[in-house]
Structure formats: C-alpha cells, structure tokens
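Source file protein.cif; content: mmCIF, C-alpha atoms and all ligand atoms.
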data_entry
loop_
_atom_site.label_atom_id
_atom_site.label_comp_id
_atom_site.auth_asym_id
_atom_site.auth_seq_id
_atom_site.Cartn_x
_atom_site.Cartn_y
_atom_site.Cartn_z
CA MET A 575 -15.22 -3.57 -7.53
CA GLU A 576 -15.75 -5.75 -4.48
CA ARG A 577 -16.05 -3.90 -1.16
CA ARG A 578 -14.96 -5.30 2.17
CA ARG A 579 -15.47 -4.24 5.75
CA LEU A 580 -12.30 -3.42 7.70
CA PRO A 581 -12.84 -5.73 10.69
CA GLY A 582 -14.03 -3.97 13.83
CA THR A 583 -14.66 -0.66 12.02
CA ASP A 584 -17.51 1.01 10.16
CA LEU A 585 -15.32 1.39 7.06
CA ASP A 586 -16.05 -0.46 3.82
CA VAL A 587 -13.17 -0.35 1.36
CA SER A 588 -12.56 -1.59 -2.17
CA ALA A 589 -10.54 -4.82 -2.43
CA VAL A 590 -8.02 -2.86 -4.51
CA GLY A 591 -6.83 0.45 -3.10
CA PHE A 592 -4.88 3.37 -4.57
CA GLY A 593 -1.38 3.89 -3.12
CA CYS A 594 -0.23 7.50 -3.35
CA TRP A 595 3.51 7.18 -2.77
CA ALA A 596 4.49 7.67 -6.42
CA ILE A 597 2.15 10.62 -6.99
CA GLY A 598 4.07 12.47 -4.29
CA GLY A 599 6.58 12.95 -7.12
CA GLU A 600 9.69 11.78 -5.24
CA HIS A 601 11.62 8.51 -5.52
CA TRP A 602 9.61 7.14 -8.45
CA GLY A 603 11.35 8.59 -11.51
CA ASP A 604 10.69 11.53 -13.77
CA ASP A 605 7.31 10.60 -15.26
CA VAL A 606 5.08 11.84 -12.43
CA THR A 607 3.10 15.00 -13.17
CA ASP A 608 0.18 16.35 -11.18
CA GLU A 609 -1.98 16.19 -14.32
CA ARG A 610 -1.24 12.50 -14.83
CA SER A 611 -1.73 11.78 -11.13
CA THR A 612 -5.06 13.63 -11.12
CA ALA A 613 -6.23 11.60 -14.11
CA ALA A 614 -5.20 8.44 -12.24
CA VAL A 615 -7.24 9.39 -9.17
CA HIS A 616 -10.25 10.18 -11.38
CA ALA A 617 -9.92 6.83 -13.17
CA ALA A 618 -9.74 5.10 -9.79
CA LEU A 619 -12.93 6.82 -8.59
CA ASP A 620 -14.70 5.95 -11.83
CA GLY A 621 -13.60 2.32 -11.49
CA GLY A 622 -14.96 1.93 -7.95
CA ILE A 623 -11.77 2.33 -5.89
CA THR A 624 -12.77 3.73 -2.50
CA LEU A 625 -9.55 3.51 -0.49
CA PHE A 626 -6.72 5.99 -1.00
CA ASP A 627 -3.52 5.58 1.03
CA THR A 628 -1.31 8.63 1.41
CA ALA A 629 1.33 9.88 3.88
CA PRO A 630 2.93 13.19 4.87
CA LEU A 631 6.24 11.73 3.67
CA TYR A 632 5.04 11.18 0.09
CA GLY A 633 6.51 14.22 -1.61
CA GLU A 634 6.46 15.99 1.77
CA GLY A 635 2.78 16.88 1.42
CA ARG A 636 2.50 16.80 -2.38
CA SER A 637 0.58 13.52 -2.57
CA ASP A 638 -1.91 14.88 0.00
CA ALA A 639 -2.34 18.07 -2.00
CA VAL A 640 -2.78 16.28 -5.34
CA LEU A 641 -5.12 13.70 -3.82
CA ALA A 642 -7.31 16.26 -2.03
CA ARG A 643 -7.56 18.42 -5.16
CA ALA A 644 -8.33 15.48 -7.44
CA LEU A 645 -10.98 14.04 -5.12
CA GLY A 646 -12.67 17.40 -4.56
CA THR A 647 -15.98 16.95 -2.79
CA ARG A 648 -15.84 13.20 -3.52
CA LYS A 649 -13.30 12.94 -0.68
CA HIS A 650 -16.32 12.46 1.59
CA ASP A 651 -17.45 9.39 -0.40
CA VAL A 652 -14.18 7.47 -0.05
CA VAL A 653 -11.89 6.25 2.72
CA ILE A 654 -8.68 8.23 3.07
CA ALA A 655 -5.94 6.48 4.97
CA THR A 656 -2.85 8.45 5.93
CA LYS A 657 0.11 8.03 8.24
CA VAL A 658 1.78 9.63 11.18
CA GLY A 659 5.05 9.69 13.05
CA VAL A 660 7.81 10.46 10.55
CA VAL A 661 10.13 13.45 10.66
CA PHE A 662 11.45 14.49 7.27
CA GLY A 663 13.20 17.40 5.67
CA GLY A 664 16.76 18.51 6.31
CA GLU A 665 19.72 16.19 5.98
CA GLY A 666 19.61 12.41 5.90
CA HIS A 667 16.89 9.78 5.87
CA ALA A 668 13.46 10.40 7.37
CA ARG A 669 13.13 8.91 10.86
CA SER A 670 10.27 7.95 13.10
CA ASP A 671 9.20 10.15 16.01
CA LEU A 672 6.36 8.54 17.93
CA ARG A 673 6.33 10.85 20.92
CA PRO A 674 2.68 11.64 21.74
CA GLU A 675 3.08 15.37 21.04
CA HIS A 676 4.55 14.67 17.60
CA VAL A 677 1.85 12.13 16.75
CA VAL A 678 -0.87 14.66 17.61
CA GLU A 679 0.77 17.57 15.75
CA ASP A 680 1.45 15.39 12.74
CA ALA A 681 -2.19 14.22 12.62
CA HIS A 682 -3.44 17.79 12.89
CA ARG A 683 -1.18 18.86 10.00
CA SER A 684 -2.63 16.03 7.88
CA LEU A 685 -6.19 17.10 8.67
CA LYS A 686 -5.33 20.57 7.41
CA ARG A 687 -3.51 19.43 4.25
CA LEU A 688 -6.29 17.01 3.33
CA GLY A 689 -9.05 19.49 4.23
CA LEU A 690 -10.81 16.98 6.49
CA ASP A 691 -12.56 17.21 9.85
CA SER A 692 -11.63 13.66 10.66
CA ILE A 693 -9.14 11.12 9.26
CA ASP A 694 -10.79 7.80 8.40
CA LEU A 695 -7.69 5.70 9.10
CA LEU A 696 -4.48 7.02 10.63
CA GLN A 697 -1.53 4.61 10.56
CA VAL A 698 1.84 4.77 12.30
CA HIS A 699 4.22 4.83 9.32
CA TRP A 700 6.91 2.67 10.84
CA PRO A 701 7.95 1.36 14.26
CA CYS A 702 9.63 3.50 16.86
CA GLU A 703 13.29 4.40 16.42
CA GLY A 704 13.44 6.88 19.27
CA GLY A 705 12.68 5.04 22.52
CA THR A 706 9.05 6.13 22.96
CA PRO A 707 7.14 3.35 24.76
CA LEU A 708 4.44 1.81 22.57
CA GLU A 709 1.82 2.53 25.24
CA ASP A 710 2.50 6.29 25.00
CA THR A 711 1.99 6.27 21.23
CA VAL A 712 -1.14 4.12 21.57
CA ALA A 713 -2.52 6.52 24.19
CA ALA A 714 -1.97 9.45 21.80
CA LEU A 715 -3.72 7.61 18.96
CA ASN A 716 -6.66 6.70 21.18
CA GLY A 717 -6.79 10.33 22.34
CA LEU A 718 -7.06 11.49 18.72
CA LYS A 719 -9.88 9.01 18.25
CA GLU A 720 -11.72 10.21 21.35
CA ALA A 721 -11.34 13.81 20.15
CA GLY A 722 -12.93 12.85 16.81
CA ASP A 723 -9.80 13.79 14.80
CA VAL A 724 -9.38 10.18 13.76
CA ARG A 725 -12.03 7.51 13.19
CA HIS A 726 -9.73 4.48 13.34
CA TRP A 727 -6.01 3.87 13.60
CA GLY A 728 -3.55 1.20 12.54
CA LEU A 729 0.11 0.29 12.33
CA CYS A 730 2.49 -0.21 9.38
CA ASN A 731 5.53 -2.47 9.27
CA TYR A 732 5.13 -3.85 12.80
CA GLY A 733 5.91 -7.46 13.71
CA ALA A 734 3.55 -9.98 15.28
CA ALA A 735 4.74 -9.45 18.88
CA ALA A 736 4.30 -5.67 18.75
CA LEU A 737 0.88 -6.11 17.18
CA ARG A 738 -0.20 -8.31 20.05
CA GLU A 739 1.15 -5.76 22.53
CA ALA A 740 -0.74 -2.92 20.83
CA ALA A 741 -3.92 -4.98 20.57
CA ALA A 742 -3.78 -5.70 24.31
CA MET A 743 -3.83 -1.92 24.92
CA GLY A 744 -6.91 -1.54 22.70
CA GLY A 745 -7.84 0.58 19.71
CA VAL A 746 -5.74 -0.79 16.85
CA SER A 747 -7.73 -1.71 13.72
CA THR A 748 -5.29 -2.45 10.89
CA LEU A 749 -1.83 -3.53 9.83
CA GLN A 750 -0.16 -2.37 6.63
CA THR A 751 2.55 -4.74 5.47
CA PRO A 752 4.42 -5.71 2.27
CA TYR A 753 2.98 -8.75 0.49
CA ASN A 754 3.18 -9.98 -3.08
CA LEU A 755 3.75 -13.14 -5.11
CA LEU A 756 7.52 -12.76 -4.75
CA ARG A 757 7.50 -11.64 -1.12
CA ARG A 758 5.40 -13.89 1.08
CA GLU A 759 6.98 -13.65 4.56
CA ALA A 760 3.71 -12.19 5.90
CA GLU A 761 2.14 -15.64 5.58
CA GLY A 762 4.40 -17.01 8.35
CA GLU A 763 3.37 -15.14 11.47
CA LEU A 764 1.86 -11.79 10.52
CA LEU A 765 -1.30 -12.76 8.63
CA PRO A 766 -2.27 -15.47 11.16
CA THR A 767 -1.72 -12.94 13.96
CA CYS A 768 -3.90 -10.37 12.22
CA ARG A 769 -6.63 -12.97 11.71
CA ASP A 770 -6.35 -13.92 15.36
CA LEU A 771 -6.57 -10.29 16.51
CA GLU A 772 -9.26 -9.51 13.92
CA LEU A 773 -7.23 -6.73 12.33
CA GLY A 774 -7.74 -5.51 8.79
CA VAL A 775 -4.74 -5.99 6.50
CA LEU A 776 -3.71 -3.49 3.84
CA ALA A 777 -1.12 -5.29 1.71
CA TYR A 778 1.34 -2.92 0.09
CA GLU A 779 3.71 -3.37 -2.86
CA PRO A 780 1.46 -5.99 -4.54
CA LEU A 781 3.30 -5.47 -7.83
CA CYS A 782 6.72 -5.76 -6.21
CA ARG A 783 7.31 -2.15 -7.27
CA GLY A 784 6.24 -2.92 -10.85
CA LEU A 785 8.30 -6.09 -11.33
CA LEU A 786 5.14 -8.21 -11.37
CA SER A 787 3.61 -6.16 -14.18
CA GLY A 788 5.81 -8.15 -16.57
CA ARG A 789 6.91 -4.89 -18.17
CA PHE A 790 10.62 -5.53 -17.72
CA GLN A 791 12.08 -8.19 -20.03
CA THR A 792 15.66 -7.13 -19.25
CA PRO A 793 17.05 -5.38 -16.15
CA PRO A 794 15.69 -1.83 -16.40
CA THR A 795 17.83 1.29 -16.14
CA PHE A 796 16.00 3.67 -13.86
CA PRO A 797 16.85 7.37 -13.57
CA GLU A 798 18.74 8.56 -10.47
CA SER A 799 15.40 9.89 -9.13
CA ASP A 800 13.89 6.37 -8.98
CA LEU A 801 14.47 4.34 -5.81
CA ARG A 802 14.39 1.14 -7.87
CA ARG A 803 17.84 2.08 -9.22
CA ARG A 804 19.15 0.90 -5.85
CA ASP A 805 16.75 -2.05 -5.43
CA ASP A 806 18.57 -5.30 -6.16
CA ARG A 807 15.33 -7.01 -7.20
CA PHE A 808 15.76 -5.09 -10.46
CA THR A 809 19.39 -6.00 -11.17
CA GLY A 810 21.67 -8.97 -11.73
CA ALA A 811 20.99 -12.44 -10.38
CA ARG A 812 17.91 -11.52 -8.38
CA PHE A 813 16.21 -10.00 -11.41
CA ARG A 814 17.15 -12.98 -13.62
CA ARG A 815 15.86 -15.44 -11.04
CA SER A 816 12.40 -13.85 -10.91
CA GLN A 817 11.98 -13.69 -14.69
CA PRO A 818 10.84 -17.27 -15.42
CA PHE A 819 8.23 -16.86 -12.68
CA VAL A 820 7.04 -13.49 -14.01
CA ASP A 821 6.92 -14.98 -17.55
CA GLY A 822 4.78 -17.87 -16.30
CA LEU A 823 2.42 -15.44 -14.62
CA GLY A 824 2.30 -13.43 -17.85
CA ARG A 825 1.30 -16.50 -19.85
CA ALA A 826 -1.50 -17.29 -17.39
CA ALA A 827 -2.70 -13.67 -17.52
CA ALA A 828 -2.68 -13.73 -21.33
CA LYS A 829 -4.87 -16.85 -21.31
CA LEU A 830 -7.29 -15.06 -18.98
CA GLY A 831 -7.21 -11.99 -21.20
CA VAL A 832 -5.98 -9.61 -18.49
CA PRO A 833 -2.75 -7.66 -17.91
CA THR A 834 -0.15 -9.50 -15.81
CA ALA A 835 -0.40 -6.71 -13.22
CA ALA A 836 -4.13 -7.38 -12.71
CA LEU A 837 -3.46 -11.04 -11.96
CA ALA A 838 -0.69 -10.16 -9.47
CA VAL A 839 -2.93 -7.64 -7.72
CA ALA A 840 -5.92 -9.97 -7.61
CA TRP A 841 -3.78 -12.75 -6.12
CA VAL A 842 -2.85 -10.50 -3.19
CA ALA A 843 -6.39 -9.17 -2.73
CA ARG A 844 -7.85 -12.66 -2.41
CA GLN A 845 -5.38 -14.10 0.10
CA PRO A 846 -7.04 -15.06 3.40
CA GLY A 847 -6.95 -12.18 5.86
CA VAL A 848 -6.09 -9.49 3.30
CA THR A 849 -8.69 -6.74 3.25
CA CYS A 850 -7.18 -4.63 0.49
CA ALA A 851 -4.29 -4.73 -1.98
CA LEU A 852 -2.82 -1.23 -2.10
CA VAL A 853 -1.35 -0.56 -5.54
CA GLY A 854 0.79 2.41 -6.49
CA MET A 855 -0.53 3.91 -9.73
CA LYS A 856 0.90 6.82 -11.66
CA GLY A 857 -1.53 7.20 -14.54
CA PRO A 858 -5.06 6.31 -15.67
CA GLU A 859 -3.82 3.56 -18.01
CA GLN A 860 -2.25 1.76 -15.02
CA VAL A 861 -5.44 2.18 -13.00
CA ARG A 862 -7.55 0.70 -15.79
CA ALA A 863 -5.15 -2.24 -16.17
CA ASN A 864 -5.09 -2.96 -12.44
CA LEU A 865 -8.86 -2.60 -12.11
CA GLN A 866 -9.21 -5.73 -14.20
CA ALA A 867 -8.31 -7.53 -10.97
CA ALA A 868 -11.98 -7.03 -10.00
CA ARG A 869 -13.15 -9.48 -12.67
CA LEU A 870 -10.60 -12.09 -11.56
CA LEU A 871 -11.72 -11.86 -7.94
CA ARG A 872 -15.13 -13.08 -9.04
CA ALA A 873 -13.79 -15.95 -11.20
CA GLU A 874 -13.42 -18.69 -8.56
CA ARG A 875 -12.48 -21.49 -10.93
CA ILE A 876 -9.22 -19.90 -12.17
CA TRP A 877 -7.56 -19.84 -8.76
CA PRO A 878 -6.39 -23.43 -8.32
CA VAL A 879 -4.33 -23.03 -11.52
CA VAL A 880 -2.95 -19.65 -10.47
CA GLU A 881 -2.09 -21.04 -7.01
CA ARG A 882 -0.05 -23.81 -8.66
CA ILE A 883 1.93 -21.14 -10.52
CA ALA A 884 2.26 -19.03 -7.36
CA ASN A 885 3.71 -21.99 -5.48
CA THR A 886 6.48 -22.49 -8.03
CA TRP A 887 8.28 -19.41 -6.62
CA ARG A 888 11.15 -20.37 -4.38
CA GLY A 889 12.16 -16.95 -3.05
N1 LIG A 901 3.47 1.82 4.97
C1 LIG A 901 4.59 1.75 4.29
O1 LIG A 901 5.70 1.76 4.85
C2 LIG A 901 4.52 1.61 2.80
C3 LIG A 901 5.66 1.23 2.06
C4 LIG A 901 5.52 1.09 0.69
C5 LIG A 901 4.30 1.32 0.08
N2 LIG A 901 3.22 1.71 0.81
C6 LIG A 901 1.90 2.00 0.19
O2 LIG A 901 1.56 0.97 -0.72
C7 LIG A 901 1.39 1.50 -2.03
C8 LIG A 901 1.79 0.48 -3.07
O3 LIG A 901 3.15 0.11 -2.98
P1 LIG A 901 4.26 0.63 -4.00
O4 LIG A 901 3.70 1.78 -4.75
O5 LIG A 901 5.52 0.80 -3.26
O6 LIG A 901 4.50 -0.63 -4.96
P2 LIG A 901 3.62 -1.38 -6.05
O7 LIG A 901 2.18 -1.06 -5.89
O8 LIG A 901 4.03 -2.80 -6.03
O9 LIG A 901 4.18 -0.78 -7.43
C9 LIG A 901 3.79 0.48 -7.88
C10 LIG A 901 4.47 0.82 -9.21
O10 LIG A 901 4.23 -0.20 -10.19
C11 LIG A 901 4.09 0.41 -11.48
N3 LIG A 901 2.75 0.02 -12.00
C12 LIG A 901 1.54 0.16 -11.39
N4 LIG A 901 0.56 -0.36 -12.16
C13 LIG A 901 1.15 -0.85 -13.27
C14 LIG A 901 0.66 -1.50 -14.42
N5 LIG A 901 -0.64 -1.77 -14.59
N6 LIG A 901 1.55 -1.86 -15.39
C15 LIG A 901 2.86 -1.60 -15.23
N7 LIG A 901 3.40 -0.99 -14.15
C16 LIG A 901 2.54 -0.61 -13.18
C17 LIG A 901 4.21 1.93 -11.29
O11 LIG A 901 5.58 2.33 -11.47
P3 LIG A 901 6.26 2.56 -12.95
O12 LIG A 901 5.19 2.94 -13.90
O13 LIG A 901 7.27 3.63 -12.70
O14 LIG A 901 6.95 1.24 -13.26
C18 LIG A 901 3.86 2.08 -9.82
O15 LIG A 901 4.40 3.24 -9.24
C19 LIG A 901 2.21 2.81 -2.01
O16 LIG A 901 1.84 3.69 -3.04
C20 LIG A 901 1.90 3.29 -0.62
O17 LIG A 901 0.61 3.89 -0.58
C21 LIG A 901 3.31 1.83 2.16
#
This entry written out as structure tokens:
Amino acid sequence: MERRRLPGTDLDVSAVGFGCWAIGGEHWGDDVTDERSTAAVHAALDGGITLFDTAPLYGEGRSDAVLARALGTRKHDVVIATKVGVVFGGEGHARSDLRPEHVVEDAHRSLKRLGLDSIDLLQVHWPCEGGTPLEDTVAALNGLKEAGDVRHWGLCNYGAAALREAAAMGGVSTLQTPYNLLRREAEGELLPTCRDLELGVLAYEPLCRGLLSGRFQTPPTFPESDLRRRDDRFTGARFRRSQPFVDGLGRAAAKLGVPTAALAVAWVARQPGVTCALVGMKGPEQVRANLQAARLLRAERIWPVVERIANTWRG
C-alpha cells in the first residue's frame, strides 16, 4: 500500500484509510459486531493500512474502544485520527460545541478512551453552530498541540473561506471532506484551496456510502437502524439515475479484475491533492476487496480510460 506524507507534518499515511463510523455500531444497520469489526481492523493492518479515522460520536465511544482493543500495541505503529467538538447523548441530534473548554475536555476524553499519550491528528468534526469565534477554537487546538496532547490538528466539513481564515491563524494541517465519483463539488473550490494552503486532504465517503460498490442492482431496503434508509441517493429517481454510471464502472472493474469498490476507492485516492481516501469497512472481506485499490494506484495506463468513464457522470 502506497504511503504519503500529510503535507507540513511528520505523519506518513496509507493512501487508503480505515473509516470507523460503521464499527461504532450505530446508524449502519444490524450487521455490525465487535468480532467482525475487530477482524476488519486486523485485515487492514495486515494489508498495510496505517490511518484509522474515528470519532467520539461513532457509537458514543464504541468505535474508539473497538479500535483501541483491535490495534493493541500496534496502535503505536499507525496514525490514529479522531475528532473533537460534538456534544451527543440526550434528546435530538448531536450538535457542535467548539468552546475552548469543551474542545480541551473532549480531546482529553479521547486520549483516555484510546489509551494514548498523544493524538496523531485531531480534527474538528464540523463547523461551529454555537457562536464561538474560530480564533478561540484555533487557540485551543494550538494549545493542545503545545501541551503535547495532540501532534497535528485539522478541520472537517469546512468551506474554502473558513479554511483560509484558519490557515492565517496558523496550525491547521488537514481538511476532511466528502468526495467520490458521484459527488465532486470538492473539485470546485475546496481542493484547489487545500493545494494552495498545502493542507492534507482526507476524502471521506469514497464509496458514496456503498452505492459505488455496485452491490445494489435495485433500490435496497435498509433496516430502520441504517441511516441510508433516509438517504435519497438510495431510492427512486436518484438511485435509478446513478445506476447506468455504476454499471459502467462495474464493467471497467471487471475488465481490470478488481471489485467495483476498489476502482471507486482508487479513483478518489489518486485525485490531485487527495492524501488519503477514507473508506468505511465493516468486515475483513470488505477490507480485502478495497485493498485491491493499491494495485490500481500503481497501474498508470488504466487511468485515461477510467477518467473518461468518470466524466460521463452528470450529477
Ligand atoms: N468528518 C465527517 O463529518 C465524516 C462524515 C462521514 C464519514 N466520515 C469518515 O469517513 C469514513 C468513510 O465514509 P462512510 O463510511 O460514511 O462512507 P463510505 O466509505 O463511502 O461507505 C462505507 C460503507 O460501504 C460499504 N462497503 C465498504 N466496502 C465495501 C465493499 N468492498 N463492497 C461493498 N460494500 C462495501 C459498507 O456498508 P454496507 O456493508 O452496510 O453496505 C460501509 O460501511 C467514515 O467511516 C468516517 O471515518 C467522516
């Protein structure tokens, strides 16, 4: 698996990373078990994945617990990225709280749950909803870095203007943003801004929540516990519209002798400015399928053909 340096940091990460949202056991259906998740983490380690992205919100600590247990002492050989700034529990939707005292407490709770002395990459989970000035949050993050609790920090789901503002204050290293073959808005302003500011980019949802695996020939019926039940990309006209594209991708993948998911993941991982494609994986069979992206990343001559297919999508 190819490794890449996160710009401006001392962190080298695999071009494909392991996203831990699903293994938190909430919002992704009824087929998540800690045994299966543990086997997935082990398969990822064996296949050369060195970046694991978790968050306090993922199962309210469960993904951290499963990840830390599965990595064991190997947690020191990989890069663990986590997040900060969300209040959950109780009634209603989780919300952001980026007040400095909450950012610091939240980071300290993560250190404890993950059993670490220092967090490799701490990311603000989503932009402020509570009126805290960006400079106060940035000061708290830089304070955590100075104290050695955090090695580097980044932002998730921020726009280009806010990124520039944060970069002017100093300290920010990465952006995490959605990006896949069916969702390419990041190419407009975000990726050029990140290149300009020399930020690392962790691209999430590279499989469009599984749609780009080609697994769904007809609109799937997800259980109530799966957030995709309420995602209109999986129903009606939107689902039907993406199918010819996904079928075309599937035919190209078959010719290359790889799973469709591997081709979708590799496409994201090789886009200019992307440091790592973060894929959610529930079991070892998914990890092994997605790891075949590594071979595609090395096969330069296939990409002009794949790009022609990619550019047929009119989202
Ligand atoms: N910062 C943020 O706000 C934010 C937001 C979203 C995600 N993220 C991060 O990015 C990661 C990835 O995004 P995501 O998990 O939302 O979406 P994703 O990677 O596009 O899709 C993940 C889902 O696709 C399915 N899948 C994976 N490999 C497969 C394969 N080989 N064949 C068939 N199906 C496969 C699995 O679900 P099924 O098996 O159930 O179909 C899996 O849970 C997350 O885990 C999280 O770490 C961050």
Residues within 7 Å of ligand LIG 901 (chain A), counting only C-alpha atoms and all ligand atoms: report them as a PDB file with C-alpha atoms, in the frame of the given file.
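To be explicit, this is the file written out as pocket_7.pdb:
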ATOM      1  CA  PHE A 592      -4.880   3.370  -4.570  1.00  0.00           C
ATOM      2  CA  GLY A 593      -1.380   3.890  -3.120  1.00  0.00           C
ATOM      3  CA  CYS A 594      -0.230   7.500  -3.350  1.00  0.00           C
ATOM      4  CA  TRP A 595       3.510   7.180  -2.770  1.00  0.00           C
ATOM      5  CA  ALA A 596       4.490   7.670  -6.420  1.00  0.00           C
ATOM      6  CA  TRP A 602       9.610   7.140  -8.450  1.00  0.00           C
ATOM      7  CA  GLY A 603      11.350   8.590 -11.510  1.00  0.00           C
ATOM      8  CA  ASP A 627      -3.520   5.580   1.030  1.00  0.00           C
ATOM      9  CA  THR A 628      -1.310   8.630   1.410  1.00  0.00           C
ATOM     10  CA  HIS A 699       4.220   4.830   9.320  1.00  0.00           C
ATOM     11  CA  TRP A 700       6.910   2.670  10.840  1.00  0.00           C
ATOM     12  CA  CYS A 730       2.490  -0.210   9.380  1.00  0.00           C
ATOM     13  CA  ASN A 731       5.530  -2.470   9.270  1.00  0.00           C
ATOM     14  CA  GLN A 750      -0.160  -2.370   6.630  1.00  0.00           C
ATOM     15  CA  THR A 751       2.550  -4.740   5.470  1.00  0.00           C
ATOM     16  CA  TYR A 778       1.340  -2.920   0.090  1.00  0.00           C
ATOM     17  CA  GLU A 779       3.710  -3.370  -2.860  1.00  0.00           C
ATOM     18  CA  PRO A 780       1.460  -5.990  -4.540  1.00  0.00           C
ATOM     19  CA  LEU A 781       3.300  -5.470  -7.830  1.00  0.00           C
ATOM     20  CA  CYS A 782       6.720  -5.760  -6.210  1.00  0.00           C
ATOM     21  CA  ARG A 783       7.310  -2.150  -7.270  1.00  0.00           C
ATOM     22  CA  GLY A 784       6.240  -2.920 -10.850  1.00  0.00           C
ATOM     23  CA  SER A 787       3.610  -6.160 -14.180  1.00  0.00           C
ATOM     24  CA  ARG A 789       6.910  -4.890 -18.170  1.00  0.00           C
ATOM     25  CA  ALA A 835      -0.400  -6.710 -13.220  1.00  0.00           C
ATOM     26  CA  ALA A 836      -4.130  -7.380 -12.710  1.00  0.00           C
ATOM     27  CA  LEU A 852      -2.820  -1.230  -2.100  1.00  0.00           C
ATOM     28  CA  VAL A 853      -1.350  -0.560  -5.540  1.00  0.00           C
ATOM     29  CA  GLY A 854       0.790   2.410  -6.490  1.00  0.00           C
ATOM     30  CA  MET A 855      -0.530   3.910  -9.730  1.00  0.00           C
ATOM     31  CA  LYS A 856       0.900   6.820 -11.660  1.00  0.00           C
ATOM     32  CA  GLN A 860      -2.250   1.760 -15.020  1.00  0.00           C
ATOM     33  CA  VAL A 861      -5.440   2.180 -13.000  1.00  0.00           C
ATOM     34  CA  ALA A 863      -5.150  -2.240 -16.170  1.00  0.00           C
ATOM     35  CA  ASN A 864      -5.090  -2.960 -12.440  1.00  0.00           C
TER      36      ASN A 864
END
Check your understanding: Do you know which residues are at most 10 Å from Leu631 (chain A) counting all atoms listed in the file, after dropping those on the same chain fewer than 4 positions away, and could you put them as a ChimeraX atom specification?
Key -> /A:595,598,600,635-638,656-663,668,699
Practice item. Using only C-alpha atoms, determine which residues lie at most 9 Å from Asp710 (chain A), disregarding the query and same-chain residues fewer than 6 positions distant; provide the list as number ranges by chain. Key: A: 672-674
Review point. Of the candidates A:Ala642, A:Val820, A:Arg683, A:Arg578, which one gets nearest to Asp608 (chain A) if we count all atoms listed in the file?
Key: A:Ala642
Practice item. Figure out the distance between CA of Glu675 (chain A) and CA of Val653 (chain A), please, to one decimal in Å. Key: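 A separation of 25.4 Å between them.
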Determine, for each residue of region 812-855 of chain A having at least one atom at most 12 Å from an atom of region 732-748 of chain A, the closest pair of atoms and their separation in Å to one decimal, counting all atoms listed in the file; order by chain and ascending number, as JSON lines.
{"residue": "A:Gly847", "atom": "CA", "partner": "A:Thr748", "partner_atom": "CA", "distance": 11.1}
{"residue": "A:Val848", "atom": "CA", "partner": "A:Thr748", "partner_atom": "CA", "distance": 10.4}
{"residue": "A:Thr849", "atom": "CA", "partner": "A:Thr748", "partner_atom": "CA", "distance": 9.4}
{"residue": "A:Cys850", "atom": "CA", "partner": "A:Thr748", "partner_atom": "CA", "distance": 10.8}
Residue subset to file, keeping C-alpha atoms, as a PDB file, keeping the file's coordinate frame:
ATOM      1  CA  GLY A 847      -6.950 -12.180   5.860  1.00  0.00           C
ATOM      2  CA  VAL A 848      -6.090  -9.490   3.300  1.00  0.00           C
ATOM      3  CA  THR A 849      -8.690  -6.740   3.250  1.00  0.00           C
ATOM      4  CA  CYS A 850      -7.180  -4.630   0.490  1.00  0.00           C
TER       5      CYS A 850
END
Practice item. For each of A:Ala617, A:Ala644, A:Val842, A:Leu870, take the minimum atom-to-atom distance to Ala826 (chain A), counting all atoms listed in the file, then give the residue where this is smallest. Key: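 So, comparing all the options, the nearest one is A:Leu870.
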For N, CA and C atoms, please extract region 677-688 of chain A from the block and return it as an mmCIF file, in the first residue's frame.
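Written file, selection_39.cif:
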data_model
loop_
_atom_site.group_PDB
_atom_site.id
_atom_site.type_symbol
_atom_site.label_atom_id
_atom_site.label_comp_id
_atom_site.auth_asym_id
_atom_site.auth_seq_id
_atom_site.Cartn_x
_atom_site.Cartn_y
_atom_site.Cartn_z
ATOM 1 N N VAL A 677 -13.481 21.810 23.752
ATOM 2 C CA VAL A 677 -12.505 21.200 22.837
ATOM 3 C C VAL A 677 -11.424 20.472 23.659
ATOM 4 N N VAL A 678 -10.950 21.135 24.699
ATOM 5 C CA VAL A 678 -9.871 20.553 25.512
ATOM 6 C C VAL A 678 -10.372 19.312 26.268
ATOM 7 N N GLU A 679 -11.549 19.440 26.898
ATOM 8 C CA GLU A 679 -12.094 18.284 27.644
ATOM 9 C C GLU A 679 -12.345 17.108 26.716
ATOM 10 N N ASP A 680 -12.913 17.413 25.560
ATOM 11 C CA ASP A 680 -13.244 16.380 24.585
ATOM 12 C C ASP A 680 -11.973 15.642 24.130
ATOM 13 N N ALA A 681 -10.917 16.412 23.874
ATOM 14 C CA ALA A 681 -9.644 15.802 23.445
ATOM 15 C C ALA A 681 -9.080 14.924 24.564
ATOM 16 N N HIS A 682 -9.180 15.392 25.795
ATOM 17 C CA HIS A 682 -8.646 14.606 26.909
ATOM 18 C C HIS A 682 -9.432 13.306 27.089
ATOM 19 N N ARG A 683 -10.749 13.367 26.870
ATOM 20 C CA ARG A 683 -11.562 12.134 26.956
ATOM 21 C C ARG A 683 -11.133 11.144 25.865
ATOM 22 N N SER A 684 -10.831 11.658 24.675
ATOM 23 C CA SER A 684 -10.395 10.770 23.585
ATOM 24 C C SER A 684 -9.063 10.104 23.909
ATOM 25 N N LEU A 685 -8.143 10.891 24.480
ATOM 26 C CA LEU A 685 -6.840 10.324 24.860
ATOM 27 C C LEU A 685 -7.036 9.120 25.784
ATOM 28 N N LYS A 686 -7.975 9.288 26.725
ATOM 29 C CA LYS A 686 -8.220 8.244 27.715
ATOM 30 C C LYS A 686 -8.844 7.013 27.046
ATOM 31 N N ARG A 687 -9.897 7.270 26.231
ATOM 32 C CA ARG A 687 -10.592 6.135 25.592
ATOM 33 C C ARG A 687 -9.665 5.359 24.670
ATOM 34 N N LEU A 688 -8.787 6.096 23.975
ATOM 35 C CA LEU A 688 -7.905 5.429 23.004
ATOM 36 C C LEU A 688 -6.619 4.908 23.658
#
